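This report concerns only the one structure given below.
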Amino acid sequence: MLEIKNLHVEVEGQPILNGIDLTVPKGEVHAIMGPNGSGKSTLSYVIAGKDDYDITKGDILWNGESILEMDPAERVAAGVFLAFQYPIEIPGVATMTFLRTAINSVRKARDEEELSIPDMMKLIQSQAKQLAVKPEMLKRGLNVGFSGGEKKRMEILQMALLNPGMCILDETDSGLDIDALRIVSEGVNALRGPDRSMLVITHYQRLLNYIVPDKVHVMSDGKIVKTGGKELALELEESGYAEYDEDAA
Amino acid sequence: MAAVKETVEQVKDIDVDKYKYGFTTDIEMVKAPKGLNEDIVRFISEKKEEPAWMLEWRLDAFERWKTMAEPEWANLTYKKPDFQDLYYYAAPKSTEGPKSLDEVDPELLETYAKLGIPLKEQAVLAGVEGARVAIDAVFDSVSVVTTFKDELAKAGVIFCSISEAMREHPELIQKYLGTVVPKSDNFYATLNSAVFSDGSFVYIPPGVRCPMELSTYFRINEENTGQFERTLIIADKGSYVSYLEGCTAPMRDENQLHAAVVELIALDDAEIKYSTVQNWYPGDKDGKGGVFNFVTKRGDCRGKNSKISWTQVETGSAITWKYPSCILRGDNSQGEFYSIAISNGMQQVDSGTKMVHLGKNTSSRIISKGISAGKSSNTYRGLVSAHRKASQARNFTQCDSLLIGDLCSAHTVPYIEAKNSSATFEHEATTSKISDDQMFYAQARGLNEEEAVALIVNGFAREVIQQLPMEFMAETQKLIGISLEGSVG
Amino acid sequence: MELVRTPAESGLIDLCQTPSIEGPSWFTARQDQARDEFISLGLPHRRVEEWKYTDLKSGLKSLYPKASSQTPPSTTALNEALGATLATLEAHRLVLVDGVFNADLSDDAIGSDVELLPLTDGLKDASPWLEGLGDNLGQDRDAIQALNLVTMQGGVALRLAEKAKLDKPVHIIFANTNMKASSFASRLYFDIGAAAKVEIIETHISLNQDVSLQANIVTELMIGDWAQVSHVKFTKDTSDSVHLANVSGKLGKETDYKFFQFTLNGGITRNQIYMRYEGDEAKADISGVALLNGMSHADMTLVMDHDAVGCESRELFKTVLDGTAQAVFQGKVIVQPGAQKTDGEMMSKALLLSEHAEFDSKPELEIYADDVLCGHGATTGQIDDELLFYLKARGIEDAQARALLIQAFVGEAFELVENEQVREMMIDHAVAWYNQA
């Protein structure tokens, strides 16, 4: 279970999050929707542990324990994973090398046995196949020369391989055409289960047709301003964010 | 396409004669005897009615200069000037005594009018209506007039000749002169410290945004006369000033020497923008005559969040030796250097900048566009350094050379020194020629060869031209066309 | 101005008085000239522009005694010192023990169209193909090259006939057998016939671990038209060593020369490269990796001198600095009048890991022809925080994430090493280095 309590965050003295309260129980999928600049991406980075953010008040608990003092790698080992809106390209690091390193780092941190190279290859290849990640992609530099859809599939592949209890998906639908969106969503849905929670951050309702949430939260000006069932997403699609967005008026 | 068309029109307007500022002015002059010795230094100081400490300062510089040798590291070949065969002081006789616009010799006013420099206070410069520019006009060794002084004084801005400043504001001179370019900095700067005869002085008080552009116009007229001017600009806390410098000289067969020193000081949160269009006589096509330009220009970002920006258009001079630099001392200070250096005929240019990062979180940007044509040689020489304590220093350098014809040369000599791990330096340089495709395209649209070259070169140098104040932009585009005449075909 | 001689300098001048090897009159004349040059120039210091950032006058504290030839090592001992990969490398071995060619440890049969001469005997016999030796391609010699010519104790010369193709690479091993710090000067000379093809692997090892060396090695390459040469060099000296190397090459028409330098730590290392393009459409690719920690100082200085039409030069250098290490990159591309259609690209990138590391670079262009496309780039920076966060957000701990990013940074350069075994060996060394950084 992920609990965010009265979270206040600033960047260079500028408040971005102004008291977020949010709980995602075990096995549930929640969506956060909101206009641009409402603080959605900041929230995802803060949960994942990026520097550059000052947490001035509040706490983030994962399974009852605060994760604020953990570094990003420790959070992943504890089970909190962020799929990036803009996955980073790292030329020179082969995707396969990267995946092996990540899997074994996480296993080591979780006191699990490291996987042998053949087991590792089997695991990666079988998961890759499910997400239509071609073997050539694994040989290339990480995310280098990947299309938008390929990058997002690679994020979901990493999510599957690292076996997190809490998945945060930041604007996973951005830059995807309808076919790519379907493949990525199928990958995400395959990972849904009673032991895994998800927080899906999106600007558009479209993604939520594929990944159907248990709850929808609307974020504006660094706060959760409304919470409802999946039908809330459809309402928003009709009415837009105008009523939540002071600046848009 | 509008901008392109405009450039083409401007290029068409250009007179065919090569250097249009080559006339001489006949005027009665007061000169010191030829040659350089202690007496000449004393003579200059006396003429300026300087305080005793200033004379001491000059004499000390002169003593040091005698022990120094001319630098030879630059990529320049020339016959070294005979420093004993020069006049160190030449002033129009009529300038002695008080100066106001009404009292200026009509001959001088006409000279500046011919140069397109308006000394009337309802000035319209380079066709830009309503643009008002205060001008300090320096003729050989002395400042002949400074315009808009009263209006500037209302804002608290001091803009006058440095001689006047020495008499009227000695405390500012004593506090700042020689603090950026020490009196024994290098051979030419030391010579300048001993014999400088005039130049401009600017002081912008705290929090003041200078209400108009300030400008100095330098004219070398006399034969065998060295021009040694000294400019000192101080932008006090939170102030802003934009300053323009222009220069021309008559066509003479002998080489004329120009060894200036410019010192800029920006205190906390202050900004100085310094633009130069240097159009000294470059010599004839065989390399006879022309100005030797040995200039030391340096800005000190002394205060935090200060900014100094140099923009230079170098088209003239037979020899150019010039490195406008920034000492980024204050935390978060910024330095910029934008340069177009065009060499044609037998001209030799060795120019560039130094960005010395001393404070924390300082940044600098260098954009240099060198254009070589004819039999000229064009060198960019630069230094970017981050000292041990200059954490988070950042520099971006882009240094492009364009060659026109196969008898010229282009050199790029950057020194990049990072002594701090958090420094981020990026340097890029390219050398290329005007592509045949571009030429063909322009010609297929009805431009003749020279127009096409001027057009393409203006495009190549665009990033720098855009940095110039409005008043200089159009003039510069024209000047590029003139400078490159005879470079093709 | 009166020169103040440092003790090391005086020692070197003494060494110059008694050359170790004799040769024909043209050689002696060049030696005499070089001696005069060294005596007048002395050790290079910061006021010599080319040596601005590597001051040997202050850097070369004392002169180590001249290496005395010890009992040559056994092949077993040599293999052990080489390490598994290099010991099993499929190659023709040429071994120089303390700078002097050792026939017993070397392959005697390289190929029917290859002539091999130890430099001592070869010079005595005055083989005509050696006449370019010490001529320095007609350029001014610098002090260190001059010193090498007078004080060289030995070396090896190799001549490939026209169209010669070797079945295996040539592995040149400089093996130091001294127990204590010592110095040597040695020389390699290659005369590569038209359309010949050769791969040279040059390694430097010590039979006794942690023995410091002062080495001065000059390599001369006369590369005939259409010939293809690949040259890879690896050094990992102790922190008290001085390694001064000079590679100069003359490139004939449509030649293809590749050079790769891997410098791992060391004391003062200077690799100076001069390539002259004499034939049209020649290509050279000069690249390398330097991984430096402690107080290592590594200098890569190169001049690509284009004097023919349509030639190409490519340079890529990656340097990673830790501790108080200092690296220097000076690269000059010259395009001589008439060398039209030259295509030159030079890139030098440095990654600074520690606060007190220093990187100085001076990429220069000197262009006398208009129809050319030349450019250079130089960057200095530290590990990118965005990349680091991304890796950590995938559960990779800090140290490992950093190691991966260093590997990514230099990886591009290692890919230029064509010999897979050698490349893997270098990467293994590199990975061990990243993990300590």
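As shown in the structure tokens, the chain order sets the letters A, B, ...; within each chain, residues go from 1, and ligands are also counted from 1 in the order they appear.
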
- Message: Using only C-alpha atoms, I'd like every residue of chain A that has an atom within 6 Å of chain C; please write them out as a list in words.
- Response: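 Close enough to count are Pro72, Ala73, Val76, Ala77, Gly92, Val93, Ala102, Ser105 and Val106 of chain A.
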
What are the nearest atom pairs, with distances in Å to one decimal, for all residues of chain C that come at most 8 Å from chain B, using only C-alpha atoms, set out by chain and rising residue number as a tab-separated table?
```
residue	atom	partner	partner_atom	distance
C:Pro337	CA	B:Asp406	CA	7.2
C:Gly338	CA	B:Asp406	CA	7.5
C:Leu352	CA	B:Ser421	CA	5.0
C:Leu353	CA	B:Ser421	CA	6.4
C:Ser354	CA	B:Ser421	CA	5.8
C:Glu355	CA	B:Ser421	CA	4.8
C:His356	CA	B:Asn420	CA	6.2
C:Ala357	CA	B:Ser421	CA	6.4
C:Glu358	CA	B:Lys419	CA	4.4
C:Phe359	CA	B:Ala418	CA	5.1
C:Asp360	CA	B:Glu417	CA	4.3
C:Ser361	CA	B:Ile416	CA	5.0
C:Lys362	CA	B:Tyr415	CA	4.7
C:Pro363	CA	B:Pro414	CA	6.3
C:Glu364	CA	B:Val413	CA	4.8
C:Leu365	CA	B:Thr412	CA	4.8
C:Glu366	CA	B:His411	CA	4.4
C:Ile367	CA	B:Ala410	CA	5.0
C:Tyr368	CA	B:Ser409	CA	4.4
C:Ala369	CA	B:Asp406	CA	4.9
C:Asp370	CA	B:Leu403	CA	5.1
C:Asp371	CA	B:Lys433	CA	5.9
C:Val372	CA	B:Ser432	CA	5.8
C:Leu373	CA	B:Ser432	CA	5.2
C:Cys374	CA	B:Thr431	CA	5.0
C:Gly375	CA	B:Thr430	CA	4.0
C:His376	CA	B:Ala429	CA	5.2
C:Gly377	CA	B:Glu428	CA	4.3
C:Ala378	CA	B:His427	CA	4.9
C:Thr379	CA	B:Glu426	CA	4.4
C:Thr380	CA	B:Phe425	CA	4.9
C:Gly381	CA	B:Thr424	CA	4.5
C:Gln382	CA	B:Ser422	CA	6.1
```

- Message: I want to know what sits within 8 Å of A:His30, based on only C-alpha atoms, with residues of the same chain fewer than 6 positions away left out; could you give that as a list in words?
- Response: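 Using only C-alpha atoms, the neighbours found are Val24, Met198, Leu199, Val200, Pro213, Asp214, Lys215, Val216 and His217 of chain A.
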
Take the residues from that selection and put them in a file with N, CA and C atoms, as a PDB file, in the first residue's frame.
```pdb
ATOM      1  N   VAL A  24      -3.081   4.417  -2.183  1.00  0.00           N
ATOM      2  CA  VAL A  24      -3.367   3.389  -3.192  1.00  0.00           C
ATOM      3  C   VAL A  24      -3.244   2.033  -2.498  1.00  0.00           C
ATOM      4  N   MET A 198      -1.022   0.119  -8.750  1.00  0.00           N
ATOM      5  CA  MET A 198      -0.543   0.980  -9.837  1.00  0.00           C
ATOM      6  C   MET A 198      -1.092   2.391  -9.683  1.00  0.00           C
ATOM      7  N   LEU A 199      -0.250   3.336 -10.092  1.00  0.00           N
ATOM      8  CA  LEU A 199      -0.688   4.731 -10.131  1.00  0.00           C
ATOM      9  C   LEU A 199      -0.437   5.208 -11.559  1.00  0.00           C
ATOM     10  N   VAL A 200      -1.538   5.449 -12.290  1.00  0.00           N
ATOM     11  CA  VAL A 200      -1.418   5.790 -13.703  1.00  0.00           C
ATOM     12  C   VAL A 200      -1.636   7.298 -13.856  1.00  0.00           C
ATOM     13  N   PRO A 213      -9.134   2.008 -14.362  1.00  0.00           N
ATOM     14  CA  PRO A 213      -8.733   2.219 -12.973  1.00  0.00           C
ATOM     15  C   PRO A 213      -9.851   1.911 -11.976  1.00  0.00           C
ATOM     16  N   ASP A 214      -9.450   1.641 -10.745  1.00  0.00           N
ATOM     17  CA  ASP A 214     -10.435   1.482  -9.685  1.00  0.00           C
ATOM     18  C   ASP A 214     -10.899   2.848  -9.196  1.00  0.00           C
ATOM     19  N   LYS A 215      -9.963   3.792  -9.200  1.00  0.00           N
ATOM     20  CA  LYS A 215     -10.312   5.146  -8.750  1.00  0.00           C
ATOM     21  C   LYS A 215      -9.616   6.176  -9.625  1.00  0.00           C
ATOM     22  N   VAL A 216     -10.251   7.350  -9.736  1.00  0.00           N
ATOM     23  CA  VAL A 216      -9.637   8.444 -10.488  1.00  0.00           C
ATOM     24  C   VAL A 216      -9.518   9.660  -9.568  1.00  0.00           C
ATOM     25  N   HIS A 217      -8.317  10.257  -9.547  1.00  0.00           N
ATOM     26  CA  HIS A 217      -8.120  11.487  -8.775  1.00  0.00           C
ATOM     27  C   HIS A 217      -7.827  12.618  -9.745  1.00  0.00           C
TER      28      HIS A 217
END
```

- DSSP on the backbone, then: every residue of stretch 8-80 of chain A marked helix (DSSP H, G or I), written as number ranges by chain. A: 40-48, 72-78

Selection: 10 Å around stretch 139-149 of chain A, only C-alpha atoms, excl. self and same-chain fewer than 4 positions, as a tab-separated table (two decimals) with C-alpha atoms, in the first residue's frame:
```tsv
chain	number	residue	atom	x	y	z
A	86	TYR	CA	10.54	10.50	-21.43
A	87	PRO	CA	12.82	7.47	-21.12
A	88	ILE	CA	16.46	8.56	-21.24
A	89	GLU	CA	18.79	7.53	-24.06
A	90	ILE	CA	22.15	6.17	-22.99
A	91	PRO	CA	24.36	5.49	-25.99
A	92	GLY	CA	27.13	3.06	-25.23
A	93	VAL	CA	25.19	0.99	-22.67
A	94	ALA	CA	23.74	-2.01	-24.48
A	95	THR	CA	20.11	-2.59	-23.49
A	96	MET	CA	20.80	-6.22	-22.60
A	97	THR	CA	23.73	-5.29	-20.33
A	98	PHE	CA	21.59	-2.68	-18.68
A	99	LEU	CA	18.71	-5.08	-18.05
A	134	LYS	CA	12.44	-7.34	-30.91
A	135	PRO	CA	15.78	-9.06	-30.13
A	153	ARG	CA	7.43	-0.83	-24.40
A	154	MET	CA	10.97	-0.93	-23.05
A	155	GLU	CA	9.76	0.85	-19.89
A	172	THR	CA	2.76	6.39	-20.59
A	173	ASP	CA	0.33	7.22	-23.39
A	174	SER	CA	2.10	10.37	-24.56
A	175	GLY	CA	3.43	10.17	-28.07
A	176	LEU	CA	1.79	6.82	-28.84
A	177	ASP	CA	-0.47	6.02	-31.75
A	179	ASP	CA	-1.74	0.51	-32.01
A	180	ALA	CA	1.26	1.28	-29.82
A	181	LEU	CA	-1.10	2.34	-27.04
A	183	ILE	CA	0.31	-3.04	-27.03
A	184	VAL	CA	1.63	-1.05	-24.10
C	408	ALA	CA	29.06	4.12	-21.93
```

Just list the residues in stretch 29-244 of chain A DSSP gives strand (DSSP E or B) on the backbone, as a short mmCIF file (atom, residue, chain, number, x, y, z; two decimals) with C-alpha atoms, in the first residue's frame.
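Now in result.cif:
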```cif
data_model
loop_
_atom_site.label_atom_id
_atom_site.label_comp_id
_atom_site.auth_asym_id
_atom_site.auth_seq_id
_atom_site.Cartn_x
_atom_site.Cartn_y
_atom_site.Cartn_z
CA VAL A 29 -5.13 0.72 -9.86
CA HIS A 30 -5.57 4.49 -9.40
CA ALA A 31 -5.34 7.17 -12.01
CA ILE A 32 -4.27 10.75 -11.55
CA MET A 33 -5.52 13.19 -14.12
CA ASP A 54 12.67 19.97 -1.58
CA ILE A 55 10.11 18.13 0.46
CA THR A 56 9.04 20.75 2.96
CA LYS A 57 6.26 18.83 4.66
CA GLY A 58 4.56 15.45 4.66
CA ASP A 59 5.63 11.89 4.00
CA ILE A 60 5.43 9.01 1.54
CA LEU A 61 4.93 5.55 3.02
CA TRP A 62 5.27 2.26 1.20
CA GLU A 65 7.46 2.66 6.01
CA SER A 66 8.69 6.06 4.92
CA VAL A 80 8.40 1.15 -6.08
CA PHE A 81 8.96 1.57 -9.82
CA LEU A 82 8.49 4.58 -12.08
CA ALA A 83 7.97 4.25 -15.84
CA ILE A 90 22.15 6.17 -22.99
CA PRO A 91 24.36 5.49 -25.99
CA GLY A 92 27.13 3.06 -25.23
CA VAL A 93 25.19 0.99 -22.67
CA ALA A 94 23.74 -2.01 -24.48
CA GLY A 141 22.30 1.22 -26.88
CA LEU A 142 19.63 1.83 -24.26
CA MET A 166 3.96 -0.41 -6.87
CA CYS A 167 4.02 0.74 -10.49
CA ILE A 168 3.88 4.42 -11.31
CA LEU A 169 3.22 5.15 -14.97
CA ASP A 170 3.95 8.75 -15.91
CA GLY A 193 -2.69 -8.61 -9.89
CA ARG A 196 0.47 -5.14 -7.25
CA SER A 197 -0.73 -1.56 -7.04
CA MET A 198 -0.54 0.98 -9.84
CA LEU A 199 -0.69 4.73 -10.13
CA VAL A 200 -1.42 5.79 -13.70
CA ILE A 201 -0.71 9.45 -14.42
CA THR A 202 -2.26 10.83 -17.56
CA LYS A 215 -10.31 5.15 -8.75
CA VAL A 216 -9.64 8.44 -10.49
CA HIS A 217 -8.12 11.49 -8.77
CA VAL A 218 -8.07 14.94 -10.28
CA MET A 219 -5.04 17.04 -9.52
CA SER A 220 -4.84 20.79 -9.85
CA LYS A 223 -3.46 19.23 -4.78
CA ILE A 224 -5.95 16.41 -5.26
CA VAL A 225 -9.17 18.30 -5.86
CA LYS A 226 -11.57 15.50 -6.64
CA THR A 227 -11.72 11.73 -6.33
CA GLY A 228 -14.21 9.39 -7.93
#
```

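Interatomic distance, atom CA of B:Met355 against atom CA of B:Asp331: 14.2 Å.
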
- Which residues, written as a list in words, have at least one atom at most 7 Å from stretch 289-291 of chain B, with only C-alpha atoms counted and residues fewer than 3 positions away on the same chain left out? Arg252, Asp253, Glu254, Asn255, Gln256, Leu257, His258, Trp280, Tyr281, Pro282, Gly283, Asp284, Ser317, Ala318 and Ile319 of chain B

- Contact residues around C:Arg30 with only C-alpha atoms at 8 Å, ignoring same-chain residues under 3 positions, as a PyMOL selection string: chain C and resi 26-27+33-34+134-135+149
